[in-house]
Amino acid sequence: KRQIVKSLLVQKTYSAQYPGDFSGGVVDIRTKSIPDEDYFTAKLSIGGNSETTGGDGIYYKGGENDNWGWDDGTRKVPLNIQRLTSEEFEDTSYPEKSNLGASFYNNWDIYDKDMKPIYSGEAELGKRFDFNYGQSFGILGNVKYTNVWNNTIKDIARYEFTGVDGGSNQTVDYTRWITKQTVNLSGFINLGWEISQDHTLSLTALNLRQSEDEVQQDRGLSSEDDVTDGTPVESYRLQWTENEITSLSLNGEHYFTNLSDLLFEWRIVDGGGSREAPDTRTYTYAEDNSGNMAVVHPGNQAAGDLRDVFQAPDRNYSELDDEIEEIGFDIELPLEFLDSVIKAGYSDYERTRESEDRLFRFELRPGTPQYIAWMTPQQLFRDQNWIDQYLGVRDFSAGQANASGIFPFAESSESVEGFYGSWDAQVLPTVRVQLGVRSEDTEIEADAWGGNTEQGTDNFVTQDYSDTLPAASVTWEFLENMQVRFAWSETVNRPSLLEITGSTLRNPDDQNLYRGNVFLEQAEVENYDARWEWYFGAADEMSLGLFYKEFTDPIEIAKVQAQGDIFTWFNADSAELEGVEFDVRKDLFFATWFDLAPVWDGFRQQATVSWIDSDVTLLDSGETAADIPLTGGRQISPLFSNERQMTGQSDVLGNLLFTFQDYDLGITATLAYNYTGERIILVGDNNAPDIIEEARGRVDLLFKYLLPWGDNELEFEAKAANVTDEEVEWTQGGQLYERWDPGITYSLGVKARF
């Protein structure tokens, strides 16, 4: 996107101009206010996946606008129920309650579907208007649409671990089939005004939408004790999710040449985000004593005798809304003294969030004939069964808060006011020093309520932090093309609004429930970095870096003692992370080295490898898991070990990139290899080991061909991802936990530039 991007900075060490919530790195992308020239591009592409395209998927009947990423109202709570609170719904008696139950749209059944190709379209516009007195006005715009169908078939196993010796019994043996349609629709427009060479204003509007329609089917055996004597089950989940991010920002950039080339930049941002998951449906059928598949519901015992099944037919409606406001400015002043630069700035950031869940649970009422339980969902929830009052429904929103601490209503907010100052100076001909400090005042407030828990009571939390965060670095150029850098800084990791709000959400990626913890505190991080750098060619470089991070009160994750898998966050005692990173980039002049045709000088390689060792101490001396305070009065399950790797941290990471580019031929080709070492993906509890994502490599290919087309250009593109068809495997105690083949994803595209 060279027509849009003005500058790109990747920084792995902390500097005071960035927010203090920092532990890894930052990518600072700045866009142009005005295009350099007029242009218009249009791109179309089509592709597929080896595990999906041309095969069969599973789906249900949704709305008419699903392919555009909008629910047309099909999945909304019926209007007559919207008018009732949860308490009013529960107070309704039969037969009126049967009328409420029958008003839900009856669309439970699953159908086969031919899997469509992946397709996308994109258009981009740049227009520049030049006026007298050096003024210019510009428009930059982009809109993109993608529609992706994906099939994932997983082997699923779950275990009951019987003792510290690692013995276990398998309780679940499933084949999980997931068909997902993902629709992305995004757009932005930027209006820029160059008042003069030194003063620019820009107004940017951004909208990003992603909608996912997902059907999950589990088939196999489930047991409370041992799957060899398990019960055949079929479970289904139907979930539609709409995610949207909006942003409107006004920015100014001003150079004052009469004030020693002082640069003043300011911004005003108004944005927000939303997540809607209307009418997520779940249900399970299990073989009963008659040998028929019967619906699982609270009136039978199947759910209590099985693992990893849905307890009843449920319909869940959830909404989440975020609002974000920020104002800020930055000042940069170059000085002749020591060839130095002084920077200072201010920012005021506020974010608020509201969420609401409403859960309806269905069951067969006492006295219902047995054969009713054998009906398919579409038959089961037909009007006649409501008329006969065979079916019951509860607004479980209040009841679940009382029974399990899953609170349906939540509000939270975060405000951060920050100031910073820094000084960057060439103190010696070969030594440059950067010193900075950032001051941040933070207030976090969160609450979750429902059922017997009133707003502003048990789950209400407010936290105030005042942090002074220093940063320093020294660069010594001991040879003309070689230098070493040393950096030290203090930063923080604050709990996110998700992590500190006492509500519970289902992660769409792993389908587990995650509950916030109102007792979370921010973690403090001390960062040390050392890097040797050698620039031995026009575009050739090599570096070796050492890094060490020390965490106080790191935020970790664990299981809650509750029915089913619920994960939460807590403050561990301490953690350390240390590692080595080696990076090399080199142009490969094969033509020069081996006396070949000039085209052979177009190769370039880049390689990065990191070795990382992390260790987290979960509990202080004398503490047990029962000492950790959690939302809703629950406890963390006893921890399998008091020391382990940090969650999600691989021990080895590697990237290898080979590129060929020839501007005369119009060819660009890239081969990329990425390696991710094993890492803890989910934590275990009691005698259960952690769930490990095994090491995995991946190869991606890209080919582009650019050719003139009159006064315009055409670019053909071919891409393939995971070309070696590597599987993803999770294990627990050396045994299979989950395994699936993401397949080879490929696409062909054409782009025209006018």
# chains A, B, ... in the order shown; residues from 1 in each chain; ligands from 1
call {"tool": "select_by_dssp", "arguments": {"residues": "region 159-284 of chain A", "states": "strand (DSSP E or B)", "output": "PyMOL selection string"}}
result
chain A and resi 159-161+168-196+199-222+231-256+262-284
call {"tool": "closest_atom_pairs", "arguments": {"of": "region 331-372 of chain A", "to": "region 246-262 of chain A", "cutoff": "7 Å", "atoms": "only C-alpha atoms", "output": "Markdown table"}}
result
| residue | atom | partner | partner_atom | distance |
| --- | --- | --- | --- | --- |
| A:Glu332 | CA | A:Leu262 | CA | 5.8 |
| A:Leu333 | CA | A:Leu262 | CA | 4.6 |
| A:Pro334 | CA | A:Asp261 | CA | 6.9 |
call {"tool": "closest_residue", "arguments": {"among": "A:Val525, A:Ile444, A:Leu498, A:Val580", "to": "Asp464 (chain A)", "atoms": "only C-alpha atoms"}}
result
A:Ile444
call {"tool": "closest_residue", "arguments": {"among": "A:Asn99, A:Ser397, A:Thr179, A:Thr241", "to": "Arg75 (chain A)", "atoms": "only C-alpha atoms"}}
result
A:Thr241
call {"tool": "residues_around", "arguments": {"residues": "Leu306 (chain A)", "least_positions_apart": "3", "cutoff": "9 Å", "atoms": "only C-alpha atoms", "output": "ChimeraX atom specification"}}
result
/A:171-172,222-225,230-231,302-303,309
call {"tool": "closest_residue", "arguments": {"among": "A:Asp685, A:Asp91, A:Glu122, A:Glu96", "to": "Phe40 (chain A)", "atoms": "only C-alpha atoms"}}
result
A:Glu122
call {"tool": "residues_around", "arguments": {"residues": "Asp155 (chain A)", "least_positions_apart": "6", "cutoff": "8 Å", "atoms": "only C-alpha atoms", "output": "ChimeraX atom specification"}}
result
/A:173-176,737-740
call {"tool": "decode", "arguments": {"residues": "region 32-73 of chain A", "atoms": "N, CA and C atoms", "output": "PDB file, in the first residue's frame"}}
result
ATOM      1  N   LYS A  32      -0.575   8.652   4.521  1.00  0.00           N
ATOM      2  CA  LYS A  32      -0.452   9.936   3.837  1.00  0.00           C
ATOM      3  C   LYS A  32      -1.744  10.736   3.986  1.00  0.00           C
ATOM      4  N   SER A  33      -1.592  12.051   4.030  1.00  0.00           N
ATOM      5  CA  SER A  33      -2.774  12.918   4.051  1.00  0.00           C
ATOM      6  C   SER A  33      -3.315  13.137   2.648  1.00  0.00           C
ATOM      7  N   ILE A  34      -2.407  13.236   1.684  1.00  0.00           N
ATOM      8  CA  ILE A  34      -2.775  13.545   0.301  1.00  0.00           C
ATOM      9  C   ILE A  34      -1.971  12.623  -0.614  1.00  0.00           C
ATOM     10  N   PRO A  35      -2.612  12.034  -1.628  1.00  0.00           N
ATOM     11  CA  PRO A  35      -1.846  11.169  -2.540  1.00  0.00           C
ATOM     12  C   PRO A  35      -0.852  11.977  -3.357  1.00  0.00           C
ATOM     13  N   ASP A  36       0.218  11.323  -3.769  1.00  0.00           N
ATOM     14  CA  ASP A  36       1.224  11.988  -4.596  1.00  0.00           C
ATOM     15  C   ASP A  36       0.698  12.275  -5.997  1.00  0.00           C
ATOM     16  N   GLU A  37      -0.247  11.440  -6.473  1.00  0.00           N
ATOM     17  CA  GLU A  37      -0.815  11.602  -7.807  1.00  0.00           C
ATOM     18  C   GLU A  37      -2.196  10.951  -7.839  1.00  0.00           C
ATOM     19  N   ASP A  38      -2.944  11.232  -8.879  1.00  0.00           N
ATOM     20  CA  ASP A  38      -4.256  10.612  -9.049  1.00  0.00           C
ATOM     21  C   ASP A  38      -4.090   9.139  -9.441  1.00  0.00           C
ATOM     22  N   TYR A  39      -4.928   8.299  -8.878  1.00  0.00           N
ATOM     23  CA  TYR A  39      -4.902   6.885  -9.274  1.00  0.00           C
ATOM     24  C   TYR A  39      -6.211   6.222  -8.872  1.00  0.00           C
ATOM     25  N   PHE A  40      -6.466   5.100  -9.506  1.00  0.00           N
ATOM     26  CA  PHE A  40      -7.592   4.244  -9.140  1.00  0.00           C
ATOM     27  C   PHE A  40      -7.173   2.805  -9.378  1.00  0.00           C
ATOM     28  N   THR A  41      -7.386   1.947  -8.390  1.00  0.00           N
ATOM     29  CA  THR A  41      -7.058   0.537  -8.544  1.00  0.00           C
ATOM     30  C   THR A  41      -8.283  -0.301  -8.223  1.00  0.00           C
ATOM     31  N   ALA A  42      -8.400  -1.416  -8.911  1.00  0.00           N
ATOM     32  CA  ALA A  42      -9.475  -2.377  -8.658  1.00  0.00           C
ATOM     33  C   ALA A  42      -8.867  -3.773  -8.690  1.00  0.00           C
ATOM     34  N   LYS A  43      -9.248  -4.594  -7.720  1.00  0.00           N
ATOM     35  CA  LYS A  43      -8.673  -5.929  -7.614  1.00  0.00           C
ATOM     36  C   LYS A  43      -9.774  -6.950  -7.371  1.00  0.00           C
ATOM     37  N   LEU A  44      -9.711  -8.058  -8.095  1.00  0.00           N
ATOM     38  CA  LEU A  44     -10.613  -9.178  -7.914  1.00  0.00           C
ATOM     39  C   LEU A  44      -9.790 -10.441  -7.731  1.00  0.00           C
ATOM     40  N   SER A  45     -10.224 -11.308  -6.825  1.00  0.00           N
ATOM     41  CA  SER A  45      -9.496 -12.566  -6.640  1.00  0.00           C
ATOM     42  C   SER A  45     -10.480 -13.673  -6.295  1.00  0.00           C
ATOM     43  N   ILE A  46     -10.082 -14.895  -6.622  1.00  0.00           N
ATOM     44  CA  ILE A  46     -10.871 -16.081  -6.325  1.00  0.00           C
ATOM     45  C   ILE A  46      -9.910 -17.170  -5.896  1.00  0.00           C
ATOM     46  N   GLY A  47     -10.357 -18.008  -4.978  1.00  0.00           N
ATOM     47  CA  GLY A  47      -9.473 -19.048  -4.481  1.00  0.00           C
ATOM     48  C   GLY A  47     -10.248 -20.137  -3.775  1.00  0.00           C
ATOM     49  N   GLY A  48      -9.525 -20.876  -2.947  1.00  0.00           N
ATOM     50  CA  GLY A  48     -10.173 -21.975  -2.254  1.00  0.00           C
ATOM     51  C   GLY A  48      -9.264 -22.559  -1.200  1.00  0.00           C
ATOM     52  N   ASN A  49      -9.709 -23.685  -0.653  1.00  0.00           N
ATOM     53  CA  ASN A  49      -8.970 -24.404   0.381  1.00  0.00           C
ATOM     54  C   ASN A  49      -9.120 -25.891   0.124  1.00  0.00           C
ATOM     55  N   SER A  50      -8.028 -26.611   0.277  1.00  0.00           N
ATOM     56  CA  SER A  50      -8.026 -28.027  -0.070  1.00  0.00           C
ATOM     57  C   SER A  50      -8.953 -28.851   0.821  1.00  0.00           C
ATOM     58  N   GLU A  51      -9.252 -28.384   2.026  1.00  0.00           N
ATOM     59  CA  GLU A  51     -10.139 -29.105   2.931  1.00  0.00           C
ATOM     60  C   GLU A  51     -11.598 -28.656   2.798  1.00  0.00           C
ATOM     61  N   THR A  52     -11.835 -27.650   1.972  1.00  0.00           N
ATOM     62  CA  THR A  52     -13.160 -27.040   1.947  1.00  0.00           C
ATOM     63  C   THR A  52     -13.763 -26.997   0.554  1.00  0.00           C
ATOM     64  N   THR A  53     -13.104 -26.283  -0.347  1.00  0.00           N
ATOM     65  CA  THR A  53     -13.702 -25.927  -1.628  1.00  0.00           C
ATOM     66  C   THR A  53     -14.051 -27.161  -2.450  1.00  0.00           C
ATOM     67  N   GLY A  54     -15.281 -27.182  -2.934  1.00  0.00           N
ATOM     68  CA  GLY A  54     -15.751 -28.304  -3.731  1.00  0.00           C
ATOM     69  C   GLY A  54     -16.299 -29.451  -2.920  1.00  0.00           C
ATOM     70  N   GLY A  55     -16.137 -29.414  -1.607  1.00  0.00           N
ATOM     71  CA  GLY A  55     -16.659 -30.478  -0.756  1.00  0.00           C
ATOM     72  C   GLY A  55     -17.995 -30.099  -0.146  1.00  0.00           C
ATOM     73  N   ASP A  56     -18.394 -30.853   0.868  1.00  0.00           N
ATOM     74  CA  ASP A  56     -19.659 -30.610   1.553  1.00  0.00           C
ATOM     75  C   ASP A  56     -19.409 -29.904   2.871  1.00  0.00           C
ATOM     76  N   GLY A  57     -20.296 -28.964   3.206  1.00  0.00           N
ATOM     77  CA  GLY A  57     -20.295 -28.316   4.501  1.00  0.00           C
ATOM     78  C   GLY A  57     -21.641 -28.495   5.157  1.00  0.00           C
ATOM     79  N   ILE A  58     -21.810 -27.902   6.338  1.00  0.00           N
ATOM     80  CA  ILE A  58     -23.080 -27.955   7.041  1.00  0.00           C
ATOM     81  C   ILE A  58     -23.534 -26.524   7.312  1.00  0.00           C
ATOM     82  N   TYR A  59     -24.839 -26.294   7.233  1.00  0.00           N
ATOM     83  CA  TYR A  59     -25.349 -24.953   7.450  1.00  0.00           C
ATOM     84  C   TYR A  59     -26.791 -25.045   7.917  1.00  0.00           C
ATOM     85  N   TYR A  60     -27.345 -23.892   8.301  1.00  0.00           N
ATOM     86  CA  TYR A  60     -28.743 -23.791   8.681  1.00  0.00           C
ATOM     87  C   TYR A  60     -29.321 -22.583   7.951  1.00  0.00           C
ATOM     88  N   LYS A  61     -30.629 -22.452   7.952  1.00  0.00           N
ATOM     89  CA  LYS A  61     -31.275 -21.347   7.249  1.00  0.00           C
ATOM     90  C   LYS A  61     -31.189 -20.077   8.092  1.00  0.00           C
ATOM     91  N   GLY A  62     -30.510 -19.085   7.553  1.00  0.00           N
ATOM     92  CA  GLY A  62     -30.368 -17.816   8.244  1.00  0.00           C
ATOM     93  C   GLY A  62     -31.208 -16.731   7.608  1.00  0.00           C
ATOM     94  N   GLY A  63     -30.609 -15.520   7.478  1.00  0.00           N
ATOM     95  CA  GLY A  63     -31.320 -14.397   6.894  1.00  0.00           C
ATOM     96  C   GLY A  63     -30.944 -14.165   5.451  1.00  0.00           C
ATOM     97  N   GLU A  64     -31.666 -13.258   4.804  1.00  0.00           N
ATOM     98  CA  GLU A  64     -31.451 -12.991   3.383  1.00  0.00           C
ATOM     99  C   GLU A  64     -30.180 -12.182   3.130  1.00  0.00           C
ATOM    100  N   ASN A  65     -29.687 -11.452   4.134  1.00  0.00           N
ATOM    101  CA  ASN A  65     -28.515 -10.594   3.928  1.00  0.00           C
ATOM    102  C   ASN A  65     -27.229 -11.192   4.485  1.00  0.00           C
ATOM    103  N   ASP A  66     -27.224 -12.497   4.763  1.00  0.00           N
ATOM    104  CA  ASP A  66     -26.049 -13.111   5.389  1.00  0.00           C
ATOM    105  C   ASP A  66     -24.789 -12.951   4.550  1.00  0.00           C
ATOM    106  N   ASN A  67     -24.919 -13.032   3.229  1.00  0.00           N
ATOM    107  CA  ASN A  67     -23.735 -12.932   2.375  1.00  0.00           C
ATOM    108  C   ASN A  67     -23.111 -11.537   2.385  1.00  0.00           C
ATOM    109  N   TRP A  68     -23.838 -10.539   2.892  1.00  0.00           N
ATOM    110  CA  TRP A  68     -23.288  -9.193   3.033  1.00  0.00           C
ATOM    111  C   TRP A  68     -22.863  -8.893   4.465  1.00  0.00           C
ATOM    112  N   GLY A  69     -23.075  -9.850   5.371  1.00  0.00           N
ATOM    113  CA  GLY A  69     -22.588  -9.684   6.735  1.00  0.00           C
ATOM    114  C   GLY A  69     -23.552  -9.016   7.681  1.00  0.00           C
ATOM    115  N   TRP A  70     -24.844  -8.909   7.317  1.00  0.00           N
ATOM    116  CA  TRP A  70     -25.844  -8.305   8.186  1.00  0.00           C
ATOM    117  C   TRP A  70     -26.976  -9.297   8.432  1.00  0.00           C
ATOM    118  N   ASP A  71     -27.355  -9.445   9.674  1.00  0.00           N
ATOM    119  CA  ASP A  71     -28.565 -10.195   9.968  1.00  0.00           C
ATOM    120  C   ASP A  71     -29.766  -9.311   9.666  1.00  0.00           C
ATOM    121  N   ASP A  72     -30.762  -9.865   8.990  1.00  0.00           N
ATOM    122  CA  ASP A  72     -31.921  -9.077   8.571  1.00  0.00           C
ATOM    123  C   ASP A  72     -33.015  -9.021   9.628  1.00  0.00           C
ATOM    124  N   GLY A  73     -32.714  -9.466  10.836  1.00  0.00           N
ATOM    125  CA  GLY A  73     -33.700  -9.496  11.906  1.00  0.00           C
ATOM    126  C   GLY A  73     -34.193 -10.887  12.224  1.00  0.00           C
TER     127      GLY A  73
END
